[in-house]
Amino acid sequence: MKNKSNNIGSELIVSGLLWLGLLIASPIVVAESEVDAAIEVMQKVSNDISSSPDPGADITQGNRTVYERSSSFGGDKLDLNFTDVRVNDVLQILADFKSLNLVVSDSVTGTMSLRLNQVPWDQALEVILRSSGLDARKEGNILEVATLEELEKGDAQRLRRGQNTHTLAPLETYVSRLKYSDSALIHSMLSQRDKNDNSLLSDRGSIIVDERTNTIIINDVAEKIAEIQNLLELIDIPIRQVLMEAKIVIANSDFRREVGISWGFMGTELRSDGNRVGFSGTRDAFALGDGLFDSLDNVSLDDSLVTDLGVSEANTSFSLGYLTDDILLDLELSALEADGVVEIVSQPSVVSADKQKAMIKSGVEIPYQTANQNGTNTMTTVQFKEAVLQLEITPQITPDNQVIMDIMVKQDSIASFAINGEPVISVNELVNQAIVADQQTLVIGGIFHSEEINDNSQVPVMGDLPLLGNLFKKQMRTMEKREILIFITPKIIEEHV
């Protein structure tokens, strides 16, 4: 292709030089027929070149194209070498080179001399127009060339004709009962004006809305009504819908182990002087009239505890005691082990239109009382706190059938304890934005909580003894794990006709 272009350029140069040689060799004015002959040679050469689109060379205004004054040109290159050639003839050569129809105004006159080597044709056209005080308009495959004043005058006349059409044309009435769009929103859109004070309606046009039947009534010229009809065909369509299914999985597991030991020791002795000496774990054992000084049978075992490191609510225990006439020694070994697993699965689902927020929630409202001081009077009111499962999603369907979702998932529950009699709410909430393909499942978040507690209680000094120290200790180990996973699966609901 490059060799062909070079050969064609050489033929253009040779033909131009031959025609220039005729001008130099002849002492008389060159006949117009000779110029036409040279043009025919150029046309024959240019017809062998296939036309191609030239990006960036022009800009479009409606159905007409105005050549853009740009520093970059992308058209096919050509050579032009002429002296005192008519401007009309050069324009004809360029038009034939790109297979364009040419319309030249009578005001385009004069001659020019030019020598251009390997210049894009659109750049050559711009140089020729600028040097001759001309301008061009392109409409389809037709290139119109005239002076700048003539073209601006023609543009102004066309603009006035359009304005006169809107001013003088008869008004027509168009009634449309909308199927899917809101008539109030359509009324707002058609009546809205941009920053240049332009509107989809003409200055004489008006629009009325019947909200009861969702109908719009437009009174305007036929041209504007046709534009609005085309617009309504594009926007008055059903909105696509999305079914969003969520799964919220909450898994709790806990483990608890406790081992403890309690020692009891008490006794009494009657001394030779008639006085009685007693010893016990608590002072309650020395109660007069019904205590240790009277008889061992009157004393509770709880009063004899020297170390109370036993396990409360133990499910396993072992006791050992030693008893004489005046001494009681006992111990109790207790243990507790428990574990549990809880799994909660919630599966809310909701359907929403494209770009419309949808919300669903289920749960309870917990009542609690509050006291308000009003002067000397105290008023008690009942208020409520929500403990709910709530799903809130705003979907947006993309052209490639993916779904962008603004997500808020909330799972609240009542805690197992209260503060000052007020209920405590355990809150789990996730806010996120994600994109996922149709009918694919997205894990949008997970919370993993693990807690382990090791607690040791012992008797000072005695608990530090090797091996024997275990007889004076209470050991507790607690482990708790909590895991929350949230899954979202969007499904685009297809419309079946």
# chains A, B, ... in the order shown; residues from 1 in each chain; ligands from 1

$ residues_around --residues "Asn219 in chain A" --least-positions-apart "2" --cutoff "12 Å" --atoms "only C-alpha atoms" --output "list in words"
Pro170, Leu171, Glu172, Thr173, Tyr174, Val175, Ser176, Leu201, Ser202, Asp203, Arg204, Gly205, Ser206, Ile207, Ile208, Val209, Ile216, Ile217, Val221, Ala222, Glu223, Lys224, Ile225, Ala226 and Ile228 of chain A

$ write_last_selection --atoms "N, CA and C atoms" --output "PDB file, in the first residue's frame"
ATOM      1  N   PRO A 170     -48.788  25.418  13.563  1.00  0.00           N
ATOM      2  CA  PRO A 170     -49.975  25.188  14.402  1.00  0.00           C
ATOM      3  C   PRO A 170     -49.662  24.225  15.554  1.00  0.00           C
ATOM      4  N   LEU A 171     -50.347  24.416  16.660  1.00  0.00           N
ATOM      5  CA  LEU A 171     -50.165  23.568  17.824  1.00  0.00           C
ATOM      6  C   LEU A 171     -51.004  22.307  17.703  1.00  0.00           C
ATOM      7  N   GLU A 172     -50.457  21.214  18.183  1.00  0.00           N
ATOM      8  CA  GLU A 172     -51.156  19.942  18.188  1.00  0.00           C
ATOM      9  C   GLU A 172     -51.213  19.411  19.617  1.00  0.00           C
ATOM     10  N   THR A 173     -52.179  18.543  19.858  1.00  0.00           N
ATOM     11  CA  THR A 173     -52.352  17.962  21.190  1.00  0.00           C
ATOM     12  C   THR A 173     -52.012  16.479  21.138  1.00  0.00           C
ATOM     13  N   TYR A 174     -51.184  16.063  22.073  1.00  0.00           N
ATOM     14  CA  TYR A 174     -50.759  14.667  22.162  1.00  0.00           C
ATOM     15  C   TYR A 174     -51.082  14.153  23.562  1.00  0.00           C
ATOM     16  N   VAL A 175     -51.811  13.041  23.630  1.00  0.00           N
ATOM     17  CA  VAL A 175     -52.207  12.440  24.907  1.00  0.00           C
ATOM     18  C   VAL A 175     -51.529  11.080  25.012  1.00  0.00           C
ATOM     19  N   SER A 176     -50.830  10.847  26.124  1.00  0.00           N
ATOM     20  CA  SER A 176     -50.125   9.586  26.322  1.00  0.00           C
ATOM     21  C   SER A 176     -50.404   9.081  27.735  1.00  0.00           C
ATOM     22  N   LEU A 201     -39.751  21.231  25.530  1.00  0.00           N
ATOM     23  CA  LEU A 201     -40.922  21.881  24.960  1.00  0.00           C
ATOM     24  C   LEU A 201     -40.512  23.184  24.293  1.00  0.00           C
ATOM     25  N   SER A 202     -41.251  23.592  23.292  1.00  0.00           N
ATOM     26  CA  SER A 202     -41.023  24.903  22.692  1.00  0.00           C
ATOM     27  C   SER A 202     -41.575  25.988  23.614  1.00  0.00           C
ATOM     28  N   ASP A 203     -41.302  27.236  23.243  1.00  0.00           N
ATOM     29  CA  ASP A 203     -41.783  28.344  24.076  1.00  0.00           C
ATOM     30  C   ASP A 203     -43.308  28.385  24.126  1.00  0.00           C
ATOM     31  N   ARG A 204     -43.957  27.848  23.115  1.00  0.00           N
ATOM     32  CA  ARG A 204     -45.423  27.836  23.083  1.00  0.00           C
ATOM     33  C   ARG A 204     -46.013  26.560  23.655  1.00  0.00           C
ATOM     34  N   GLY A 205     -45.167  25.595  23.957  1.00  0.00           N
ATOM     35  CA  GLY A 205     -45.658  24.301  24.393  1.00  0.00           C
ATOM     36  C   GLY A 205     -46.057  24.296  25.864  1.00  0.00           C
ATOM     37  N   SER A 206     -46.915  23.344  26.212  1.00  0.00           N
ATOM     38  CA  SER A 206     -47.364  23.181  27.595  1.00  0.00           C
ATOM     39  C   SER A 206     -47.653  21.710  27.835  1.00  0.00           C
ATOM     40  N   ILE A 207     -47.660  21.328  29.110  1.00  0.00           N
ATOM     41  CA  ILE A 207     -47.917  19.945  29.483  1.00  0.00           C
ATOM     42  C   ILE A 207     -48.816  19.918  30.710  1.00  0.00           C
ATOM     43  N   ILE A 208     -49.782  19.003  30.707  1.00  0.00           N
ATOM     44  CA  ILE A 208     -50.724  18.828  31.812  1.00  0.00           C
ATOM     45  C   ILE A 208     -50.670  17.362  32.241  1.00  0.00           C
ATOM     46  N   VAL A 209     -50.796  17.128  33.538  1.00  0.00           N
ATOM     47  CA  VAL A 209     -50.712  15.786  34.088  1.00  0.00           C
ATOM     48  C   VAL A 209     -52.045  15.410  34.732  1.00  0.00           C
ATOM     49  N   ILE A 216     -50.259  12.065  30.544  1.00  0.00           N
ATOM     50  CA  ILE A 216     -49.740  13.398  30.252  1.00  0.00           C
ATOM     51  C   ILE A 216     -50.404  13.913  28.986  1.00  0.00           C
ATOM     52  N   ILE A 217     -50.699  15.192  28.986  1.00  0.00           N
ATOM     53  CA  ILE A 217     -51.331  15.854  27.826  1.00  0.00           C
ATOM     54  C   ILE A 217     -50.408  16.973  27.391  1.00  0.00           C
ATOM     55  N   VAL A 221     -45.913  22.091  18.989  1.00  0.00           N
ATOM     56  CA  VAL A 221     -45.795  21.926  17.544  1.00  0.00           C
ATOM     57  C   VAL A 221     -45.462  20.479  17.233  1.00  0.00           C
ATOM     58  N   ALA A 222     -45.714  20.078  15.991  1.00  0.00           N
ATOM     59  CA  ALA A 222     -45.559  18.674  15.608  1.00  0.00           C
ATOM     60  C   ALA A 222     -44.123  18.186  15.781  1.00  0.00           C
ATOM     61  N   GLU A 223     -43.151  19.057  15.486  1.00  0.00           N
ATOM     62  CA  GLU A 223     -41.756  18.639  15.589  1.00  0.00           C
ATOM     63  C   GLU A 223     -41.394  18.281  17.029  1.00  0.00           C
ATOM     64  N   LYS A 224     -41.795  19.097  17.994  1.00  0.00           N
ATOM     65  CA  LYS A 224     -41.497  18.827  19.398  1.00  0.00           C
ATOM     66  C   LYS A 224     -42.246  17.597  19.902  1.00  0.00           C
ATOM     67  N   ILE A 225     -43.491  17.441  19.445  1.00  0.00           N
ATOM     68  CA  ILE A 225     -44.265  16.277  19.867  1.00  0.00           C
ATOM     69  C   ILE A 225     -43.603  14.987  19.382  1.00  0.00           C
ATOM     70  N   ALA A 226     -43.096  14.998  18.155  1.00  0.00           N
ATOM     71  CA  ALA A 226     -42.419  13.812  17.635  1.00  0.00           C
ATOM     72  C   ALA A 226     -41.168  13.491  18.460  1.00  0.00           C
ATOM     73  N   ILE A 228     -40.692  14.184  21.634  1.00  0.00           N
ATOM     74  CA  ILE A 228     -41.128  13.678  22.937  1.00  0.00           C
ATOM     75  C   ILE A 228     -41.631  12.247  22.810  1.00  0.00           C
TER      76      ILE A 228
END

$ residues_around --residues "Leu185 in chain A" --least-positions-apart "3" --cutoff "12 Å" --atoms "only C-alpha atoms" --output "PyMOL selection string"
chain A and resi 178+180-182+188-192+209+211+214-216+235-236

$ write_last_selection --atoms "N, CA, C and O atoms" --output "PDB file, in the first residue's frame"
ATOM      1  N   LEU A 178     -49.126   6.777  30.356  1.00  0.00           N
ATOM      2  CA  LEU A 178     -47.858   6.117  30.633  1.00  0.00           C
ATOM      3  C   LEU A 178     -48.102   4.744  31.239  1.00  0.00           C
ATOM      4  O   LEU A 178     -49.019   4.536  32.034  1.00  0.00           O
ATOM      5  N   TYR A 180     -45.348   2.658  32.678  1.00  0.00           N
ATOM      6  CA  TYR A 180     -44.468   2.333  33.795  1.00  0.00           C
ATOM      7  C   TYR A 180     -43.924   3.566  34.517  1.00  0.00           C
ATOM      8  O   TYR A 180     -43.595   3.485  35.703  1.00  0.00           O
ATOM      9  N   SER A 181     -43.803   4.679  33.820  1.00  0.00           N
ATOM     10  CA  SER A 181     -43.222   5.873  34.421  1.00  0.00           C
ATOM     11  C   SER A 181     -44.272   6.639  35.210  1.00  0.00           C
ATOM     12  O   SER A 181     -45.480   6.521  34.969  1.00  0.00           O
ATOM     13  N   ASP A 182     -43.798   7.446  36.149  1.00  0.00           N
ATOM     14  CA  ASP A 182     -44.664   8.308  36.944  1.00  0.00           C
ATOM     15  C   ASP A 182     -44.916   9.591  36.163  1.00  0.00           C
ATOM     16  O   ASP A 182     -43.979  10.275  35.737  1.00  0.00           O
ATOM     17  N   SER A 188     -42.050  16.863  35.308  1.00  0.00           N
ATOM     18  CA  SER A 188     -40.906  17.626  35.804  1.00  0.00           C
ATOM     19  C   SER A 188     -39.745  17.590  34.808  1.00  0.00           C
ATOM     20  O   SER A 188     -39.079  18.599  34.574  1.00  0.00           O
ATOM     21  N   MET A 189     -39.506  16.429  34.204  1.00  0.00           N
ATOM     22  CA  MET A 189     -38.399  16.290  33.265  1.00  0.00           C
ATOM     23  C   MET A 189     -38.637  17.116  31.999  1.00  0.00           C
ATOM     24  O   MET A 189     -37.742  17.811  31.516  1.00  0.00           O
ATOM     25  N   LEU A 190     -39.857  17.064  31.444  1.00  0.00           N
ATOM     26  CA  LEU A 190     -40.134  17.787  30.208  1.00  0.00           C
ATOM     27  C   LEU A 190     -40.180  19.295  30.427  1.00  0.00           C
ATOM     28  O   LEU A 190     -39.899  20.065  29.498  1.00  0.00           O
ATOM     29  N   SER A 191     -40.518  19.726  31.623  1.00  0.00           N
ATOM     30  CA  SER A 191     -40.615  21.158  31.902  1.00  0.00           C
ATOM     31  C   SER A 191     -39.288  21.758  32.350  1.00  0.00           C
ATOM     32  O   SER A 191     -39.160  22.977  32.414  1.00  0.00           O
ATOM     33  N   GLN A 192     -38.333  20.907  32.665  1.00  0.00           N
ATOM     34  CA  GLN A 192     -37.059  21.402  33.192  1.00  0.00           C
ATOM     35  C   GLN A 192     -36.265  22.116  32.101  1.00  0.00           C
ATOM     36  O   GLN A 192     -36.253  21.704  30.944  1.00  0.00           O
ATOM     37  N   VAL A 209     -50.796  17.128  33.538  1.00  0.00           N
ATOM     38  CA  VAL A 209     -50.712  15.786  34.088  1.00  0.00           C
ATOM     39  C   VAL A 209     -52.045  15.410  34.732  1.00  0.00           C
ATOM     40  O   VAL A 209     -52.632  16.204  35.472  1.00  0.00           O
ATOM     41  N   GLU A 211     -52.890  12.715  37.235  1.00  0.00           N
ATOM     42  CA  GLU A 211     -52.283  11.707  38.087  1.00  0.00           C
ATOM     43  C   GLU A 211     -53.210  10.518  38.317  1.00  0.00           C
ATOM     44  O   GLU A 211     -52.735   9.410  38.579  1.00  0.00           O
ATOM     45  N   ASN A 214     -52.553   8.494  35.351  1.00  0.00           N
ATOM     46  CA  ASN A 214     -51.126   8.496  34.982  1.00  0.00           C
ATOM     47  C   ASN A 214     -50.944   8.878  33.505  1.00  0.00           C
ATOM     48  O   ASN A 214     -50.233   8.213  32.745  1.00  0.00           O
ATOM     49  N   THR A 215     -51.606   9.974  33.115  1.00  0.00           N
ATOM     50  CA  THR A 215     -51.612  10.421  31.725  1.00  0.00           C
ATOM     51  C   THR A 215     -51.016  11.816  31.629  1.00  0.00           C
ATOM     52  O   THR A 215     -51.222  12.652  32.516  1.00  0.00           O
ATOM     53  N   ILE A 216     -50.259  12.065  30.544  1.00  0.00           N
ATOM     54  CA  ILE A 216     -49.740  13.398  30.252  1.00  0.00           C
ATOM     55  C   ILE A 216     -50.404  13.913  28.986  1.00  0.00           C
ATOM     56  O   ILE A 216     -50.654  13.149  28.040  1.00  0.00           O
ATOM     57  N   ILE A 235     -37.850   5.671  27.481  1.00  0.00           N
ATOM     58  CA  ILE A 235     -37.807   5.708  28.944  1.00  0.00           C
ATOM     59  C   ILE A 235     -39.039   5.098  29.605  1.00  0.00           C
ATOM     60  O   ILE A 235     -38.968   4.702  30.779  1.00  0.00           O
ATOM     61  N   ASP A 236     -40.159   4.991  28.917  1.00  0.00           N
ATOM     62  CA  ASP A 236     -41.366   4.420  29.525  1.00  0.00           C
ATOM     63  C   ASP A 236     -41.352   2.912  29.338  1.00  0.00           C
ATOM     64  O   ASP A 236     -42.128   2.337  28.562  1.00  0.00           O
TER      65      ASP A 236
END

$ closest_residue --among "A:Ala184, A:Val345, A:Leu159, A:Met266" --to "Thr324 in chain A" --atoms "only C-alpha atoms"
A:Met266

$ closest_residue --among "A:Leu485, A:Ala415, A:Ala246, A:Val311" --to "Glu392 in chain A" --atoms "only C-alpha atoms"
A:Ala246

$ residues_around --residues "range 141-150 of chain A" --least-positions-apart "6" --cutoff "9 Å" --atoms "only C-alpha atoms" --output "MDAnalysis selection string"
chainID A and resid 91 95 99:108 129 132:135

$ write_last_selection --atoms "all heavy atoms" --output "compact mmCIF listing (two decimals), in the first residue's frame"
# COMPACT_ATOMS: atom_id res chain seq x y z
N LEU A 91 -9.96 22.77 -5.30
CA LEU A 91 -11.01 22.18 -4.47
C LEU A 91 -11.61 20.96 -5.14
O LEU A 91 -11.93 19.96 -4.47
CB LEU A 91 -12.10 23.22 -4.18
CG LEU A 91 -11.69 24.41 -3.32
CD1 LEU A 91 -12.81 25.43 -3.24
CD2 LEU A 91 -11.29 23.95 -1.92
N ALA A 95 -11.80 17.15 -3.69
CA ALA A 95 -13.07 16.45 -3.59
C ALA A 95 -13.02 15.11 -4.31
O ALA A 95 -13.51 14.10 -3.80
CB ALA A 95 -14.19 17.32 -4.16
N SER A 99 -13.55 11.30 -2.99
CA SER A 99 -14.85 10.88 -3.54
C SER A 99 -15.99 11.64 -2.89
O SER A 99 -17.01 11.06 -2.48
CB SER A 99 -15.04 9.37 -3.35
OG SER A 99 -14.02 8.65 -4.01
N LEU A 100 -15.84 12.95 -2.78
CA LEU A 100 -16.86 13.81 -2.21
C LEU A 100 -17.56 14.60 -3.30
O LEU A 100 -16.94 14.97 -4.31
CB LEU A 100 -16.25 14.79 -1.20
CG LEU A 100 -15.61 14.19 0.06
CD1 LEU A 100 -14.94 15.29 0.88
CD2 LEU A 100 -16.65 13.47 0.90
N ASN A 101 -18.84 14.86 -3.09
CA ASN A 101 -19.55 15.79 -3.96
C ASN A 101 -19.23 17.20 -3.51
O ASN A 101 -19.18 17.48 -2.31
CB ASN A 101 -21.06 15.53 -3.89
CG ASN A 101 -21.42 14.14 -4.39
OD1 ASN A 101 -21.00 13.74 -5.47
ND2 ASN A 101 -22.17 13.40 -3.58
N LEU A 102 -19.04 18.09 -4.46
CA LEU A 102 -18.55 19.43 -4.16
C LEU A 102 -19.56 20.47 -4.64
O LEU A 102 -20.05 20.41 -5.76
CB LEU A 102 -17.20 19.68 -4.83
CG LEU A 102 -16.57 21.05 -4.60
CD1 LEU A 102 -16.22 21.26 -3.12
CD2 LEU A 102 -15.32 21.21 -5.47
N VAL A 103 -19.87 21.43 -3.76
CA VAL A 103 -20.70 22.58 -4.10
C VAL A 103 -19.89 23.82 -3.74
O VAL A 103 -19.54 24.02 -2.57
CB VAL A 103 -22.04 22.58 -3.33
CG1 VAL A 103 -22.83 23.83 -3.65
CG2 VAL A 103 -22.84 21.33 -3.68
N VAL A 104 -19.58 24.67 -4.77
CA VAL A 104 -18.76 25.86 -4.57
C VAL A 104 -19.59 27.09 -4.89
O VAL A 104 -20.26 27.16 -5.93
CB VAL A 104 -17.50 25.82 -5.46
CG1 VAL A 104 -16.64 27.06 -5.23
CG2 VAL A 104 -16.70 24.56 -5.18
N SER A 105 -19.57 28.05 -3.98
CA SER A 105 -20.32 29.28 -4.18
C SER A 105 -19.72 30.12 -5.31
O SER A 105 -18.52 30.02 -5.62
CB SER A 105 -20.35 30.07 -2.87
OG SER A 105 -20.93 31.34 -3.06
N ASP A 106 -20.57 30.98 -5.94
CA ASP A 106 -20.08 31.88 -6.99
C ASP A 106 -19.09 32.89 -6.45
O ASP A 106 -18.30 33.48 -7.22
CB ASP A 106 -21.27 32.62 -7.63
CG ASP A 106 -22.18 31.68 -8.39
OD1 ASP A 106 -21.69 30.59 -8.78
OD2 ASP A 106 -23.37 32.01 -8.59
N SER A 107 -19.08 33.10 -5.15
CA SER A 107 -18.16 34.08 -4.56
C SER A 107 -16.75 33.54 -4.45
O SER A 107 -15.82 34.30 -4.14
CB SER A 107 -18.65 34.48 -3.16
OG SER A 107 -18.73 33.34 -2.31
N VAL A 108 -16.55 32.25 -4.72
CA VAL A 108 -15.22 31.67 -4.66
C VAL A 108 -14.54 31.92 -6.00
O VAL A 108 -14.90 31.34 -7.03
CB VAL A 108 -15.28 30.16 -4.36
CG1 VAL A 108 -13.88 29.57 -4.35
CG2 VAL A 108 -15.98 29.93 -3.03
N LEU A 129 -8.43 26.81 2.32
CA LEU A 129 -9.56 27.62 2.75
C LEU A 129 -9.11 28.85 3.51
O LEU A 129 -9.61 29.97 3.30
CB LEU A 129 -10.50 26.78 3.62
CG LEU A 129 -11.20 25.58 2.94
CD1 LEU A 129 -12.00 24.79 3.96
CD2 LEU A 129 -12.11 26.07 1.82
N SER A 132 -7.54 31.55 1.34
CA SER A 132 -8.47 32.20 0.41
C SER A 132 -9.63 32.88 1.13
O SER A 132 -10.55 33.37 0.46
CB SER A 132 -9.02 31.16 -0.58
OG SER A 132 -7.98 30.53 -1.29
N GLY A 133 -9.63 32.87 2.48
CA GLY A 133 -10.72 33.50 3.22
C GLY A 133 -12.01 32.74 3.09
O GLY A 133 -13.09 33.35 3.04
N LEU A 134 -11.93 31.42 3.00
CA LEU A 134 -13.11 30.59 2.79
C LEU A 134 -13.35 29.69 4.00
O LEU A 134 -12.52 29.58 4.90
CB LEU A 134 -12.94 29.73 1.53
CG LEU A 134 -12.63 30.47 0.24
CD1 LEU A 134 -12.35 29.49 -0.89
CD2 LEU A 134 -13.79 31.40 -0.14
N ASP A 135 -14.49 29.00 3.97
CA ASP A 135 -14.81 28.01 4.99
C ASP A 135 -15.64 26.92 4.34
O ASP A 135 -16.09 27.07 3.19
CB ASP A 135 -15.58 28.64 6.16
CG ASP A 135 -15.42 27.82 7.44
OD1 ASP A 135 -14.83 26.72 7.36
OD2 ASP A 135 -15.88 28.26 8.51

$ closest_residue --among "A:Ser312, A:Gln347, A:Ser199, A:Gln383" --to "Thr370 in chain A" --atoms "only C-alpha atoms"
A:Gln383

$ residues_around --residues "Gln369 in chain A" --least-positions-apart "4" --cutoff "7 Å" --atoms "only C-alpha atoms" --output "short mmCIF file (atom, residue, chain, number, x, y, z; two decimals) with N, CA, C and O atoms, in the first residue's frame"
data_model
loop_
_atom_site.label_atom_id
_atom_site.label_comp_id
_atom_site.auth_asym_id
_atom_site.auth_seq_id
_atom_site.Cartn_x
_atom_site.Cartn_y
_atom_site.Cartn_z
N THR A 380 -43.36 8.22 85.11
CA THR A 380 -42.77 6.99 84.57
C THR A 380 -43.39 6.70 83.20
O THR A 380 -44.62 6.65 83.07
N THR A 381 -42.55 6.54 82.24
CA THR A 381 -43.02 6.25 80.88
C THR A 381 -42.40 4.94 80.41
O THR A 381 -41.34 4.51 80.89
N VAL A 382 -43.09 4.32 79.49
CA VAL A 382 -42.63 3.05 78.93
C VAL A 382 -42.09 3.31 77.52
O VAL A 382 -42.78 3.89 76.67
N GLN A 383 -40.87 2.90 77.28
CA GLN A 383 -40.26 3.00 75.96
C GLN A 383 -39.87 1.62 75.48
O GLN A 383 -39.91 0.64 76.24
#

$ select_by_dssp --residues "range 124-193 of chain A" --states "helix (DSSP H, G or I)" --output "PyMOL selection string"
chain A and resi 124-131+148-168+183-191
